[in-house]
Each structure stands twice: as C-alpha cells, then as structure tokens.
>>> print(open('start_5.cif').read())   # mmCIF, C-alpha atoms
data_target
loop_
_atom_site.label_atom_id
_atom_site.label_comp_id
_atom_site.auth_asym_id
_atom_site.auth_seq_id
_atom_site.Cartn_x
_atom_site.Cartn_y
_atom_site.Cartn_z
CA MET J 1 17.81 -40.03 -50.93
CA SER J 2 18.95 -38.47 -54.23
CA ASN J 3 21.74 -35.90 -54.37
CA LYS J 4 19.17 -33.17 -55.02
CA THR J 5 17.29 -34.12 -51.89
CA ARG J 6 20.51 -34.06 -49.86
CA TRP J 7 21.35 -30.56 -51.03
CA LEU J 8 17.89 -29.39 -50.15
CA ALA J 9 18.27 -30.89 -46.69
CA ILE J 10 21.65 -29.24 -46.14
CA GLY J 11 20.32 -25.96 -47.49
CA GLY J 12 17.42 -26.14 -45.07
CA ALA J 13 19.78 -26.79 -42.19
CA ALA J 14 21.85 -23.77 -43.17
CA VAL J 15 18.80 -21.54 -43.15
CA VAL J 16 17.87 -22.82 -39.73
CA GLY J 17 21.41 -22.16 -38.55
CA VAL J 18 21.31 -18.60 -39.82
CA ALA J 19 17.94 -18.06 -38.21
CA LEU J 20 19.23 -19.27 -34.85
CA MET J 21 22.29 -17.07 -35.10
CA SER J 22 20.06 -14.16 -35.97
CA ALA J 23 17.90 -14.78 -32.92
CA GLN J 24 20.95 -14.92 -30.65
CA GLN J 25 22.21 -11.61 -31.95
CA THR J 26 19.40 -9.69 -30.21
CA GLY J 27 20.79 -10.80 -26.83
CA ALA J 28 24.06 -9.07 -27.57
CA LEU J 29 22.71 -5.57 -26.93
CA TRP J 30 24.19 -3.90 -23.89
CA SER J 31 22.33 -3.98 -20.64
CA LYS J 32 23.15 -3.27 -17.05
CA SER J 33 21.14 -4.05 -13.93
CA VAL J 34 21.61 -2.75 -10.43
CA ALA J 35 20.06 -4.64 -7.53
CA VAL J 36 19.07 -2.50 -4.57
CA ASP J 37 18.06 -3.68 -1.12
CA ALA J 38 15.21 -1.25 -0.52
CA GLY J 39 13.74 -3.12 2.44
CA SER J 40 10.07 -4.00 2.78
CA ILE J 41 6.78 -2.22 3.16
CA HIS J 42 4.71 -3.62 6.02
CA SER J 43 1.02 -3.04 6.37
CA GLY J 44 -0.30 -2.46 9.86
CA ILE J 45 -3.14 -4.06 11.78
CA LEU J 46 -6.27 -2.36 13.05
CA ASP J 47 -7.66 -4.09 16.10
CA LEU J 48 -10.32 -2.73 18.42
CA SER J 49 -11.08 -4.66 21.56
CA VAL J 50 -13.27 -3.86 24.54
CA GLY J 51 -13.68 -4.66 28.20
CA GLN J 52 -11.38 -6.40 30.62
CA GLY J 53 -8.79 -8.43 28.74
CA GLY J 54 -9.74 -6.72 25.51
CA THR J 55 -12.03 -8.97 23.53
CA THR J 56 -14.09 -8.39 20.44
CA ASN J 57 -17.26 -9.89 21.93
CA TYR J 58 -17.61 -8.56 25.45
CA PRO J 59 -20.49 -9.52 27.75
CA PHE J 60 -21.13 -6.16 29.36
CA SER J 61 -22.81 -7.64 32.42
CA ALA J 62 -21.86 -4.68 34.63
CA LEU J 63 -24.42 -2.59 32.81
CA ALA J 64 -27.46 -4.41 34.18
CA GLY J 65 -30.27 -3.66 36.54
CA ALA J 66 -33.25 -5.49 37.96
CA ASN J 67 -36.59 -4.14 39.14
CA LEU J 68 -35.78 -0.69 37.83
CA MET J 69 -38.50 1.91 38.06
CA PRO J 70 -39.00 4.54 35.39
CA GLY J 71 -36.19 7.09 35.79
CA ALA J 72 -33.82 4.60 37.43
CA TYR J 73 -30.58 3.74 35.69
CA ALA J 74 -27.67 1.32 35.42
CA GLN J 75 -24.21 2.77 34.85
CA ALA J 76 -20.88 1.10 34.14
CA PRO J 77 -17.52 1.81 32.48
CA VAL J 78 -16.17 0.01 29.43
CA THR J 79 -12.59 0.32 28.20
CA ILE J 80 -11.89 0.59 24.48
CA TYR J 81 -8.44 -0.71 23.52
CA ASN J 82 -6.38 -0.09 20.41
CA SER J 83 -4.81 -3.53 20.22
CA GLY J 84 -3.37 -2.89 16.76
CA ASN J 85 -0.23 -1.06 15.68
CA VAL J 86 -1.74 1.88 13.78
CA LEU J 87 -3.72 4.91 14.85
CA MET J 88 -7.33 3.85 15.47
CA LYS J 89 -10.47 5.88 14.94
CA TYR J 90 -13.56 4.44 16.56
CA ARG J 91 -17.10 5.24 17.56
CA LEU J 92 -20.07 3.56 19.16
CA GLN J 93 -21.67 2.79 15.84
CA ASN J 94 -25.03 1.48 17.01
CA ALA J 95 -27.06 0.29 19.97
CA ALA J 96 -29.90 -2.18 19.68
CA GLN J 97 -32.40 -3.74 22.08
CA SER J 98 -33.84 -7.24 22.13
CA ASN J 99 -37.18 -5.76 23.21
CA ALA J 100 -37.77 -2.42 21.57
CA ALA J 101 -40.95 -1.91 23.62
CA VAL J 102 -38.88 -1.11 26.70
CA PRO J 103 -38.05 2.60 26.52
CA LEU J 104 -34.39 3.18 27.38
CA GLU J 105 -32.26 6.30 27.26
CA LEU J 106 -28.51 6.15 26.83
CA ALA J 107 -25.81 8.56 27.94
CA VAL J 108 -22.20 8.05 26.83
CA SER J 109 -19.26 9.97 28.30
CA THR J 110 -15.50 9.66 28.28
CA VAL J 111 -13.81 9.46 31.66
CA GLY J 112 -10.19 9.25 32.81
CA SER J 113 -10.48 5.81 34.40
CA GLU J 114 -12.99 3.09 35.17
CA SER J 115 -13.16 4.24 38.79
CA ALA J 116 -14.46 7.59 37.57
CA CYS J 117 -17.63 5.83 36.43
CA PRO J 118 -19.39 4.52 39.57
CA ALA J 119 -22.55 2.40 39.47
CA GLN J 120 -24.49 5.34 40.91
CA GLY J 121 -23.81 9.04 40.71
CA ALA J 122 -22.42 11.37 38.12
CA PRO J 123 -19.19 10.25 36.46
CA ALA J 124 -16.15 12.30 37.49
CA GLY J 125 -14.41 14.50 34.95
CA ALA J 126 -16.68 13.26 32.19
CA THR J 127 -17.08 14.63 28.69
CA GLN J 128 -20.45 13.67 27.31
CA LEU J 129 -20.50 12.23 23.78
CA TYR J 130 -24.17 11.26 23.51
CA ALA J 131 -27.48 11.56 25.30
CA GLY J 132 -30.64 10.23 23.69
CA ALA J 133 -32.55 7.11 22.75
CA MET J 134 -30.80 3.79 23.29
CA ILE J 135 -31.91 2.34 19.97
CA GLY J 136 -29.77 3.68 17.14
CA ALA J 137 -27.41 5.56 19.46
CA GLN J 138 -24.16 6.69 17.87
CA ALA J 139 -21.33 8.30 19.81
CA PRO J 140 -19.79 10.44 18.54
CA ALA J 141 -22.25 10.94 15.67
CA ALA J 142 -20.85 10.23 12.20
CA PRO J 143 -18.70 11.47 10.60
CA GLU J 144 -16.87 12.18 13.89
CA TRP J 145 -14.54 9.62 15.42
CA ARG J 146 -12.64 9.18 18.65
CA THR J 147 -8.91 8.49 18.12
CA VAL J 148 -6.73 6.14 20.14
CA GLN J 149 -2.99 5.65 19.65
CA PRO J 150 -1.56 2.13 19.15
CA GLY J 151 -1.43 0.29 22.48
CA ALA J 152 -3.48 2.96 24.24
CA SER J 153 -7.06 2.85 25.51
CA GLU J 154 -10.01 5.07 26.41
CA VAL J 155 -12.71 4.58 29.02
CA LEU J 156 -16.35 5.21 28.22
CA CYS J 157 -19.01 5.59 30.87
CA LEU J 158 -22.39 4.27 29.75
CA ARG J 159 -25.66 4.96 31.52
CA GLY J 160 -28.95 3.31 30.57
CA THR J 161 -32.05 4.96 32.03
CA VAL J 162 -35.53 3.44 32.05
CA GLY J 163 -38.03 5.71 30.28
CA ALA J 164 -41.18 7.07 31.91
CA ALA J 165 -43.45 4.96 29.69
CA ALA J 166 -41.95 1.63 30.70
CA ALA J 167 -44.46 -1.15 31.22
CA PRO J 168 -44.22 -3.31 34.39
CA SER J 169 -42.32 -6.61 34.27
CA ALA J 170 -40.74 -5.90 30.90
CA SER J 171 -37.10 -6.62 30.19
CA THR J 172 -34.58 -6.19 27.41
CA THR J 173 -30.95 -6.65 26.61
CA ALA J 174 -28.89 -4.05 24.82
CA THR J 175 -26.16 -4.70 22.27
CA PHE J 176 -23.50 -2.10 21.53
CA THR J 177 -21.59 -2.21 18.28
CA PHE J 178 -18.32 -0.33 17.90
CA ALA J 179 -16.74 0.53 14.56
CA ALA J 180 -13.10 1.37 13.87
CA GLU J 181 -11.10 2.75 10.94
CA SER J 182 -7.44 3.20 10.42
CA ARG J 183 -7.42 6.73 9.09
CA MET P 1 36.66 -38.62 -73.86
CA ASN P 2 37.58 -40.84 -70.91
CA ASN P 3 37.91 -39.82 -67.32
CA LYS P 4 41.73 -39.61 -67.46
CA MET P 5 41.50 -37.18 -70.33
CA LYS P 6 38.95 -35.03 -68.48
CA GLY P 7 41.23 -34.97 -65.40
CA ALA P 8 44.22 -33.88 -67.44
CA ILE P 9 42.28 -31.04 -69.07
CA ALA P 10 41.02 -29.85 -65.67
CA ALA P 11 44.54 -29.89 -64.17
CA GLY P 12 45.83 -27.94 -67.15
CA ALA P 13 43.14 -25.29 -66.79
CA ALA P 14 43.93 -24.92 -63.12
CA THR P 15 47.60 -24.49 -63.86
CA VAL P 16 46.85 -21.79 -66.40
CA LEU P 17 44.65 -19.97 -63.92
CA LEU P 18 47.31 -20.17 -61.21
CA ALA P 19 49.94 -18.99 -63.60
CA GLY P 20 47.68 -16.13 -64.58
CA GLY P 21 47.29 -15.14 -60.95
CA ALA P 22 51.01 -15.25 -60.36
CA GLY P 23 51.55 -13.08 -63.40
CA THR P 24 49.94 -10.02 -61.74
CA LEU P 25 52.90 -9.76 -59.37
CA ALA P 26 55.04 -8.69 -62.22
CA ALA P 27 52.84 -5.71 -63.15
CA TRP P 28 53.44 -2.19 -61.86
CA ASN P 29 51.68 -1.50 -58.60
CA SER P 30 51.57 1.25 -56.14
CA GLY P 31 49.96 1.88 -52.75
CA ALA P 32 49.24 4.70 -50.37
CA SER P 33 48.24 4.63 -46.71
CA ILE P 34 45.17 6.52 -45.54
CA GLY P 35 44.88 7.89 -42.03
CA GLY P 36 41.56 6.27 -41.07
CA GLY P 37 41.64 7.08 -37.37
CA GLY P 38 40.45 4.75 -34.60
CA VAL P 39 37.01 3.34 -33.98
CA GLY P 40 36.03 3.67 -30.34
CA ALA P 41 33.21 1.74 -28.72
CA GLY P 42 30.70 3.50 -26.53
CA ALA P 43 29.64 2.57 -23.00
CA LEU P 44 26.44 1.86 -21.12
CA ALA P 45 26.50 1.68 -17.36
CA LEU P 46 24.39 2.35 -14.29
CA THR P 47 25.77 3.09 -10.85
CA GLN P 48 23.79 3.74 -7.68
CA SER P 49 24.65 7.06 -6.10
CA GLY P 50 23.57 8.81 -2.95
CA THR P 51 21.44 7.32 -0.22
CA PRO P 52 18.00 5.95 -1.10
CA ASN P 53 15.11 7.16 1.02
CA TRP P 54 11.51 6.43 1.86
CA LYS P 55 8.74 8.88 2.54
CA ASP P 56 5.00 8.91 2.92
CA GLN P 57 2.52 11.66 2.20
CA ASN P 58 3.69 13.51 5.34
CA GLY P 59 7.47 13.31 4.89
CA ALA P 60 10.44 11.03 5.50
CA VAL P 61 9.82 7.68 7.20
CA SER P 62 11.92 4.78 8.42
CA ILE P 63 10.53 1.92 6.40
CA THR P 64 11.58 -0.62 9.04
CA GLY P 65 9.08 0.61 11.60
CA PHE P 66 6.53 2.03 9.21
CA ARG P 67 3.12 0.35 9.15
CA ALA P 68 1.07 1.25 6.13
CA VAL P 69 -2.69 1.67 6.20
CA PRO P 70 -5.20 2.29 3.39
CA GLY P 71 -4.82 5.85 2.11
CA ASP P 72 -1.04 5.95 2.56
CA VAL P 73 1.17 6.89 -0.39
CA VAL P 74 4.66 5.51 0.18
CA THR P 75 7.52 6.52 -2.12
CA TYR P 76 10.96 5.01 -2.51
CA THR P 77 13.59 7.20 -4.19
CA ALA P 78 16.99 6.00 -5.38
CA SER P 79 19.52 7.83 -7.55
CA PHE P 80 21.68 6.37 -10.29
CA THR P 81 24.50 7.83 -12.36
CA VAL P 82 24.06 6.95 -16.02
CA THR P 83 26.88 6.30 -18.46
CA ALA P 84 25.48 6.43 -21.99
CA GLN P 85 28.16 6.86 -24.64
CA GLY P 86 27.52 5.94 -28.26
CA THR P 87 26.56 8.13 -31.17
CA ASN P 88 23.33 6.29 -31.85
CA LEU P 89 22.82 4.78 -28.42
CA ARG P 90 19.31 4.52 -27.05
CA ALA P 91 18.43 2.61 -23.93
CA ASN P 92 15.47 2.06 -21.64
CA LEU P 93 15.71 2.57 -17.92
CA ALA P 94 13.11 0.48 -16.15
CA VAL P 95 12.29 -1.16 -12.87
CA ASP P 96 11.96 -4.92 -13.05
CA GLY P 97 8.51 -5.40 -11.57
CA ALA P 98 9.22 -9.08 -10.96
CA THR P 99 11.70 -8.07 -8.26
CA ILE P 100 8.93 -6.43 -6.23
CA THR P 101 7.49 -9.43 -4.45
CA GLY P 102 5.31 -10.08 -1.44
CA ASP P 103 1.78 -10.66 -0.26
CA PRO P 104 -0.62 -10.82 -3.24
CA ALA P 105 -3.43 -9.09 -1.36
CA LEU P 106 -1.21 -6.17 -0.38
CA LYS P 107 0.24 -5.92 -3.89
CA ALA P 108 -3.29 -5.91 -5.29
CA ALA P 109 -4.34 -3.17 -2.87
CA MET P 110 -1.42 -0.98 -3.86
CA THR P 111 -1.02 0.82 -7.17
CA THR P 112 2.63 0.95 -8.16
CA ALA P 113 4.03 3.72 -10.37
CA VAL P 114 7.60 4.35 -11.48
CA THR P 115 9.00 7.70 -12.58
CA ALA P 116 12.50 8.73 -13.66
CA THR P 117 13.66 12.33 -13.51
CA VAL P 118 16.85 14.32 -14.05
CA ASN P 119 17.01 17.45 -11.91
CA GLY P 120 13.28 17.14 -11.41
CA ALA P 121 12.46 16.99 -15.13
CA PRO P 122 10.87 13.74 -16.26
CA LEU P 123 12.70 11.69 -18.85
CA PRO P 124 10.84 10.91 -22.06
CA SER P 125 9.16 7.55 -21.69
CA GLY P 126 8.74 4.77 -24.21
CA ALA P 127 7.11 1.39 -24.18
CA GLY P 128 10.04 -0.16 -22.33
CA GLY P 129 10.53 2.57 -19.73
CA ALA P 130 12.31 5.91 -19.55
CA VAL P 131 14.40 6.62 -22.63
CA ILE P 132 18.11 7.22 -22.09
CA THR P 133 20.29 8.80 -24.80
CA PRO P 134 23.85 10.16 -24.77
CA ALA P 135 22.31 13.47 -23.64
CA GLN P 136 21.94 11.86 -20.19
CA ASN P 137 25.56 10.68 -20.05
CA GLY P 138 27.02 11.42 -16.62
CA LYS P 139 23.73 12.69 -15.25
CA VAL P 140 22.06 11.50 -12.06
CA VAL P 141 18.65 9.95 -12.63
CA ASP P 142 16.24 9.83 -9.70
CA VAL P 143 14.04 6.74 -9.83
CA LYS P 144 10.88 6.94 -7.76
CA VAL P 145 8.61 4.02 -7.05
CA THR P 146 5.29 5.06 -5.56
CA PHE P 147 2.97 2.66 -3.74
CA ASP P 148 -0.55 4.00 -3.34
CA PHE P 149 -2.48 2.00 -0.75
CA ALA P 150 -6.11 2.23 -1.93
CA GLN P 151 -8.25 4.19 0.52
CA GLY P 152 -11.19 1.93 -0.27
CA THR P 153 -9.48 -1.27 0.85
CA PRO P 154 -12.33 -3.05 2.66
CA GLY P 155 -12.56 -4.80 6.00
CA VAL P 156 -9.31 -6.29 7.18
CA THR P 157 -7.88 -6.92 3.70
CA ALA P 158 -4.07 -6.93 3.42
CA GLN P 159 -3.39 -6.39 7.12
CA THR P 160 -0.04 -7.50 8.60
CA ALA P 161 1.33 -8.21 5.13
CA GLN P 162 4.48 -7.04 3.42
CA ILE P 163 5.89 -6.12 0.05
CA ASP P 164 9.51 -7.12 -0.32
CA LEU P 165 11.93 -4.86 -2.19
CA SER P 166 15.13 -6.40 -0.84
CA ASN P 167 16.20 -7.41 -4.35
CA PHE P 168 14.72 -4.47 -6.19
CA ASN P 169 16.23 -4.28 -9.69
CA VAL P 170 16.75 -1.26 -11.92
CA THR P 171 17.79 -2.10 -15.46
CA LEU P 172 19.34 -0.04 -18.23
CA LYS P 173 18.94 -1.86 -21.50
CA GLN P 174 20.01 -0.87 -25.00
CA VAL P 175 17.22 -0.88 -27.56
#
>>> encode(input="start_5.cif", output="structure tokens")
Amino acid sequence: MSNKTRWLAIGGAAVVGVALMSAQQTGALWSKSVAVDAGSIHSGILDLSVGQGGTTNYPFSALAGANLMPGAYAQAPVTIYNSGNVLMKYRLQNAAQSNAAVPLELAVSTVGSESACPAQGAPAGATQLYAGAMIGAQAPAAPEWRTVQPGASEVLCLRGTVGAAAAPSASTTATFTFAAESR
Amino acid sequence: MNNKMKGAIAAGAATVLLAGGAGTLAAWNSGASIGGGGVGAGALALTQSGTPNWKDQNGAVSITGFRAVPGDVVTYTASFTVTAQGTNLRANLAVDGATITGDPALKAAMTTAVTATVNGAPLPSGAGGAVITPAQNGKVVDVKVTFDFAQGTPGVTAQTAQIDLSNFNVTLKQV
C-alpha cells in the first residue's frame, strides 16, 4: 500500500468515526419514563345453558306426548341458566319441527319455578311470552330480550298443542334454539 | 544539500519561530474582565401524581372485578406533574404502546386512544405524541387511555381474555 493509499484509508476511518459519534449524539436528548401498574382489563364470558345441569344441547324429553288427539298438549318446564359472568340477554330464537306436516301450537310463559309448570293444567303465576305456531316461534319477539344476571336462572314453561288438522299416526320432534347476547 | 544541512535549517527556523513567540511577552498588554453571568441547564421530568382511576361508560369501576363485554368503553386516567425547563425545550409526551400487552384477539377487538389534557384542555399533538413546552412546566397533565370494545365483536371472540397494563409506560422525550 502506498502512502497515499494509507492516508485515504485513515481519512475514511475518521469519517466513519465522526459519523458514529454523530449518530450517538441523538441518544443524548433528555427523556424520562414513568412505569405505572394500571392493572389489567379482563373480558367476560357469555354462557347460556339450559335444562338440568345446564348444558348447551339439552334433550327436552319431558316435553313429549304419545297418542295425542287434536287439542291435546304436552307441557314441561325448562330452566335457562346464565352460566357466564356478565349480564345475559336471551330469547327463544327459533323453533323447528322434523315433520312440518304435523300442526303444532306453542305457548311460552315465564314461571317462578319448575314446579309451577305441571304436565297438565295452567302454569301458576305465569307471564306469557308467546302463543302461536310452533314453527318459527320466537319468544320474546325480536328485538326484545329476556335478561338474566350472572349466576342466575329463569324458568320457562313450554306447551305444545296438537292442531285441529293433525293427521292420524303422524309424529314430529321439535327443536328449540336459544340465542344470547351480552348487552 | 544533504540531510544534515536540511535538519539544521529546520531547527534554526523553529528556534526563530519560538523566539518570535516569546517576544510577544515583552509587548504592552492589558486585560479586562467581563461579567458574563452563569449558564444554567434546564430540566425535564415526569412525576406521577394523584390516584389513577378506571371508569366505563357508566362511571367509576374497580378494574379487578370488571368484566368487559363488546360495547364497553373503558378509560384509564393517570395524572403526571411535568417539569419542562429550558428556553427552547420541546418534548413529546406519549404512551409506550408496547407496554400494553395481552391477548391478541382482545387487543384487536379494542380500539385504543390516548389523550393528554391540562385542566381539561387538550395539549397540542405532534407526530410523536402530545407536545410539551416550558409553558407546561409545573402543570398536571391528565393522560387518558381509552379502550373501546367493538360492539360488533362476533360470536365468542375475545372472551375470558385480558389486556395487561401492569407495566404501562408514559414517556416524556425531548425532541
């Protein structure tokens, strides 16, 4: 390496050194941070469950009848639980039948306890939410909701009545779908 | 001219120069002192003051037992006393977003906004946060962090999750 080359190399190193020093200078501005323990935000859980034991897929076998004549009915209570930790709004969102040719009427009421909804007879202290066709039933009708506090429950009394136009030896099963929202 | 001769001439020139320099001591000279005053450095500091609090859209809440649901707007408020001394001092007051950690789904479902006010009046904001100047020296700045839990959060998204602010950082940085 000639002397000229050496000087160029040293000069280059000096420029790099200045550049590095320049870059470090920006970190010398004042700054101050304060750490605060502000805790945590927790989101809740919305959990609707039904029937004894509170499940999400409840075989509602109590609401069944055999050899029912037109006008006869099956009636049974079902308990709706708020198994979550936030206020729950819910409704019977829909009812469907496996055999739509069987005419069924549905009546839905709230009662104070399951014992207030006997298999036969008018439910005691009931407030009716719905009376009409089984298929497409909604109780209460949207946009209304029932509200249940966390850990609390509500008892519904459901009555399915065979319509006057029912054909002999026909059968169907009914499926009830409940919907819930948090607010 | 050989090298010895060159060296001798160089030494002689240096001696003359040194002698010349020494000669100035013999000339008249005079001096006067000037009262220049002192140069004082400024200061930049941030101190938490008061008691932080949490509230939702309905009022004060205890964040420990609070369970947020879609549609909630949760606000954390903390107050800081600002020291900003320096004729040309400008600084940015900002929340370090990296210190707000937690469940990604819940963070995604919440819109976070930070505001800084003095006596209810918002501070001017720049690219790096609220702008602090010596005009705010000694004032109490209220920093609010708002978490807006989207009403349209679908299904069971972001349930039983948490956002951790246990090491929440507020920074005052000179710019």
>>> interface_residues(input="start_5.cif", of="chain P", to="chain J", cutoff="9 Å", atoms="all atoms listed in the file", output="MDAnalysis selection string")
chainID P and resid 43:48 52:54 63:71 74 76 78 91 102 106 151 156 158:175
>>> write_last_selection(input="start_5.cif", atoms="C-alpha atoms", output="short mmCIF file (atom, residue, chain, number, x, y, z; two decimals), keeping the file's coordinate frame")
data_model
loop_
_atom_site.label_atom_id
_atom_site.label_comp_id
_atom_site.auth_asym_id
_atom_site.auth_seq_id
_atom_site.Cartn_x
_atom_site.Cartn_y
_atom_site.Cartn_z
CA ALA P 43 29.64 2.57 -23.00
CA LEU P 44 26.44 1.86 -21.12
CA ALA P 45 26.50 1.68 -17.36
CA LEU P 46 24.39 2.35 -14.29
CA THR P 47 25.77 3.09 -10.85
CA GLN P 48 23.79 3.74 -7.68
CA PRO P 52 18.00 5.95 -1.10
CA ASN P 53 15.11 7.16 1.02
CA TRP P 54 11.51 6.43 1.86
CA ILE P 63 10.53 1.92 6.40
CA THR P 64 11.58 -0.62 9.04
CA GLY P 65 9.08 0.61 11.60
CA PHE P 66 6.53 2.03 9.21
CA ARG P 67 3.12 0.35 9.15
CA ALA P 68 1.07 1.25 6.13
CA VAL P 69 -2.69 1.67 6.20
CA PRO P 70 -5.20 2.29 3.39
CA GLY P 71 -4.82 5.85 2.11
CA VAL P 74 4.66 5.51 0.18
CA TYR P 76 10.96 5.01 -2.51
CA ALA P 78 16.99 6.00 -5.38
CA ALA P 91 18.43 2.61 -23.93
CA GLY P 102 5.31 -10.08 -1.44
CA LEU P 106 -1.21 -6.17 -0.38
CA GLN P 151 -8.25 4.19 0.52
CA VAL P 156 -9.31 -6.29 7.18
CA ALA P 158 -4.07 -6.93 3.42
CA GLN P 159 -3.39 -6.39 7.12
CA THR P 160 -0.04 -7.50 8.60
CA ALA P 161 1.33 -8.21 5.13
CA GLN P 162 4.48 -7.04 3.42
CA ILE P 163 5.89 -6.12 0.05
CA ASP P 164 9.51 -7.12 -0.32
CA LEU P 165 11.93 -4.86 -2.19
CA SER P 166 15.13 -6.40 -0.84
CA ASN P 167 16.20 -7.41 -4.35
CA PHE P 168 14.72 -4.47 -6.19
CA ASN P 169 16.23 -4.28 -9.69
CA VAL P 170 16.75 -1.26 -11.92
CA THR P 171 17.79 -2.10 -15.46
CA LEU P 172 19.34 -0.04 -18.23
CA LYS P 173 18.94 -1.86 -21.50
CA GLN P 174 20.01 -0.87 -25.00
CA VAL P 175 17.22 -0.88 -27.56
#
>>> residues_around(input="start_5.cif", residues="Ser49 (chain P)", least_positions_apart="3", cutoff="8 Å", atoms="all atoms listed in the file", output="ChimeraX atom specification")
/P:78-81,140
>>> closest_residue(input="start_5.cif", among="J:Lys89, J:Ala124, J:Ala164, J:Ala174", to="Ala142 (chain J)", atoms="only C-alpha atoms")
J:Lys89
>>> closest_residue(input="start_5.cif", among="P:Thr146, P:Asn137, P:Asn92, P:Thr101", to="Thr115 (chain P)", atoms="all atoms listed in the file")
P:Thr146
>>> closest_residue(input="start_5.cif", among="J:Cys117, J:Ala133, J:Val162, J:Ala139", to="Ala66 (chain J)", atoms="only C-alpha atoms")
J:Val162
>>> residues_near_point(input="start_5.cif", point="(-28.3, 3.9, 23.7)", cutoff="9 Å", atoms="all atoms listed in the file", output="list in words")
Asn94, Ala95, Ala96, Gln97, Leu104, Glu105, Leu106, Ala107, Val108, Tyr130, Ala131, Gly132, Ala133, Met134, Ile135, Gly136, Ala137, Gln138, Leu158, Arg159, Gly160, Ala174, Thr175 and Phe176 of chain J
>>> closest_residue(input="start_5.cif", among="P:Thr87, P:Asp72, P:Ala130, P:Ala135", to="Phe147 (chain P)", atoms="only C-alpha atoms")
P:Asp72
>>> atom_distance(input="start_5.cif", atom1="CA of Val148 (chain J)", atom2="CA of Thr56 (chain J)")
16.3 Å
>>> atom_distance(input="start_5.cif", atom1="CA of Gly120 (chain P)", atom2="CA of Asn88 (chain P)")
25.2 Å
>>> atom_distance(input="start_5.cif", atom1="CA of Val78 (chain J)", atom2="CA of Gly151 (chain J)")
16.3 Å
>>> resolve_selection(input="start_5.cif", expression="the PyMOL selection byres ((chain J and resi 113) around 12)", output="JSON, numbers by chain")
{"J": [76, 77, 78, 79, 80, 109, 110, 111, 112, 114, 115, 116, 117, 118, 123, 124, 125, 126, 153, 154, 155, 156, 157]}
>>> residues_around(input="start_5.cif", residues="Met69 (chain J)", least_positions_apart="3", cutoff="12 Å", atoms="all atoms listed in the file", output="ChimeraX atom specification")
/J:65-66,72-74,102-104,161-171
>>> residues_around(input="start_5.cif", residues="Ala109 (chain P)", least_positions_apart="2", cutoff="6 Å", atoms="only C-alpha atoms", output="PyMOL selection string")
chain P and resi 106-107+149-150
>>> build_atoms(input="start_5.cif", residues="region 77-91 of chain P", atoms="N, CA and C atoms", output="PDB file, in the coordinates of the input")
ATOM      1  N   THR P  77      12.792   6.443  -3.214  1.00  0.00           N
ATOM      2  CA  THR P  77      13.590   7.200  -4.190  1.00  0.00           C
ATOM      3  C   THR P  77      15.038   6.730  -4.126  1.00  0.00           C
ATOM      4  N   ALA P  78      15.579   6.374  -5.279  1.00  0.00           N
ATOM      5  CA  ALA P  78      16.990   6.000  -5.380  1.00  0.00           C
ATOM      6  C   ALA P  78      17.588   6.732  -6.584  1.00  0.00           C
ATOM      7  N   SER P  79      18.870   7.082  -6.478  1.00  0.00           N
ATOM      8  CA  SER P  79      19.520   7.830  -7.550  1.00  0.00           C
ATOM      9  C   SER P  79      20.594   6.982  -8.209  1.00  0.00           C
ATOM     10  N   PHE P  80      20.716   7.147  -9.511  1.00  0.00           N
ATOM     11  CA  PHE P  80      21.680   6.370 -10.290  1.00  0.00           C
ATOM     12  C   PHE P  80      22.409   7.286 -11.261  1.00  0.00           C
ATOM     13  N   THR P  81      23.728   7.104 -11.363  1.00  0.00           N
ATOM     14  CA  THR P  81      24.500   7.830 -12.360  1.00  0.00           C
ATOM     15  C   THR P  81      24.532   6.989 -13.636  1.00  0.00           C
ATOM     16  N   VAL P  82      24.175   7.649 -14.736  1.00  0.00           N
ATOM     17  CA  VAL P  82      24.060   6.950 -16.020  1.00  0.00           C
ATOM     18  C   VAL P  82      25.295   7.217 -16.865  1.00  0.00           C
ATOM     19  N   THR P  83      25.861   6.159 -17.424  1.00  0.00           N
ATOM     20  CA  THR P  83      26.880   6.300 -18.460  1.00  0.00           C
ATOM     21  C   THR P  83      26.249   5.842 -19.763  1.00  0.00           C
ATOM     22  N   ALA P  84      26.117   6.761 -20.705  1.00  0.00           N
ATOM     23  CA  ALA P  84      25.480   6.430 -21.990  1.00  0.00           C
ATOM     24  C   ALA P  84      26.297   7.093 -23.097  1.00  0.00           C
ATOM     25  N   GLN P  85      27.288   6.353 -23.580  1.00  0.00           N
ATOM     26  CA  GLN P  85      28.160   6.860 -24.640  1.00  0.00           C
ATOM     27  C   GLN P  85      27.964   6.014 -25.886  1.00  0.00           C
ATOM     28  N   GLY P  86      27.763   6.649 -27.001  1.00  0.00           N
ATOM     29  CA  GLY P  86      27.520   5.940 -28.260  1.00  0.00           C
ATOM     30  C   GLY P  86      26.685   6.840 -29.142  1.00  0.00           C
ATOM     31  N   THR P  87      27.199   7.127 -30.316  1.00  0.00           N
ATOM     32  CA  THR P  87      26.560   8.130 -31.170  1.00  0.00           C
ATOM     33  C   THR P  87      25.066   7.859 -31.347  1.00  0.00           C
ATOM     34  N   ASN P  88      24.738   6.624 -31.586  1.00  0.00           N
ATOM     35  CA  ASN P  88      23.330   6.290 -31.850  1.00  0.00           C
ATOM     36  C   ASN P  88      22.705   5.483 -30.719  1.00  0.00           C
ATOM     37  N   LEU P  89      23.290   5.607 -29.542  1.00  0.00           N
ATOM     38  CA  LEU P  89      22.820   4.780 -28.420  1.00  0.00           C
ATOM     39  C   LEU P  89      21.461   5.247 -27.916  1.00  0.00           C
ATOM     40  N   ARG P  90      20.583   4.293 -27.730  1.00  0.00           N
ATOM     41  CA  ARG P  90      19.310   4.520 -27.050  1.00  0.00           C
ATOM     42  C   ARG P  90      19.096   3.354 -26.092  1.00  0.00           C
ATOM     43  N   ALA P  91      18.638   3.676 -24.908  1.00  0.00           N
ATOM     44  CA  ALA P  91      18.430   2.610 -23.930  1.00  0.00           C
ATOM     45  C   ALA P  91      17.184   2.926 -23.110  1.00  0.00           C
TER      46      ALA P  91
END
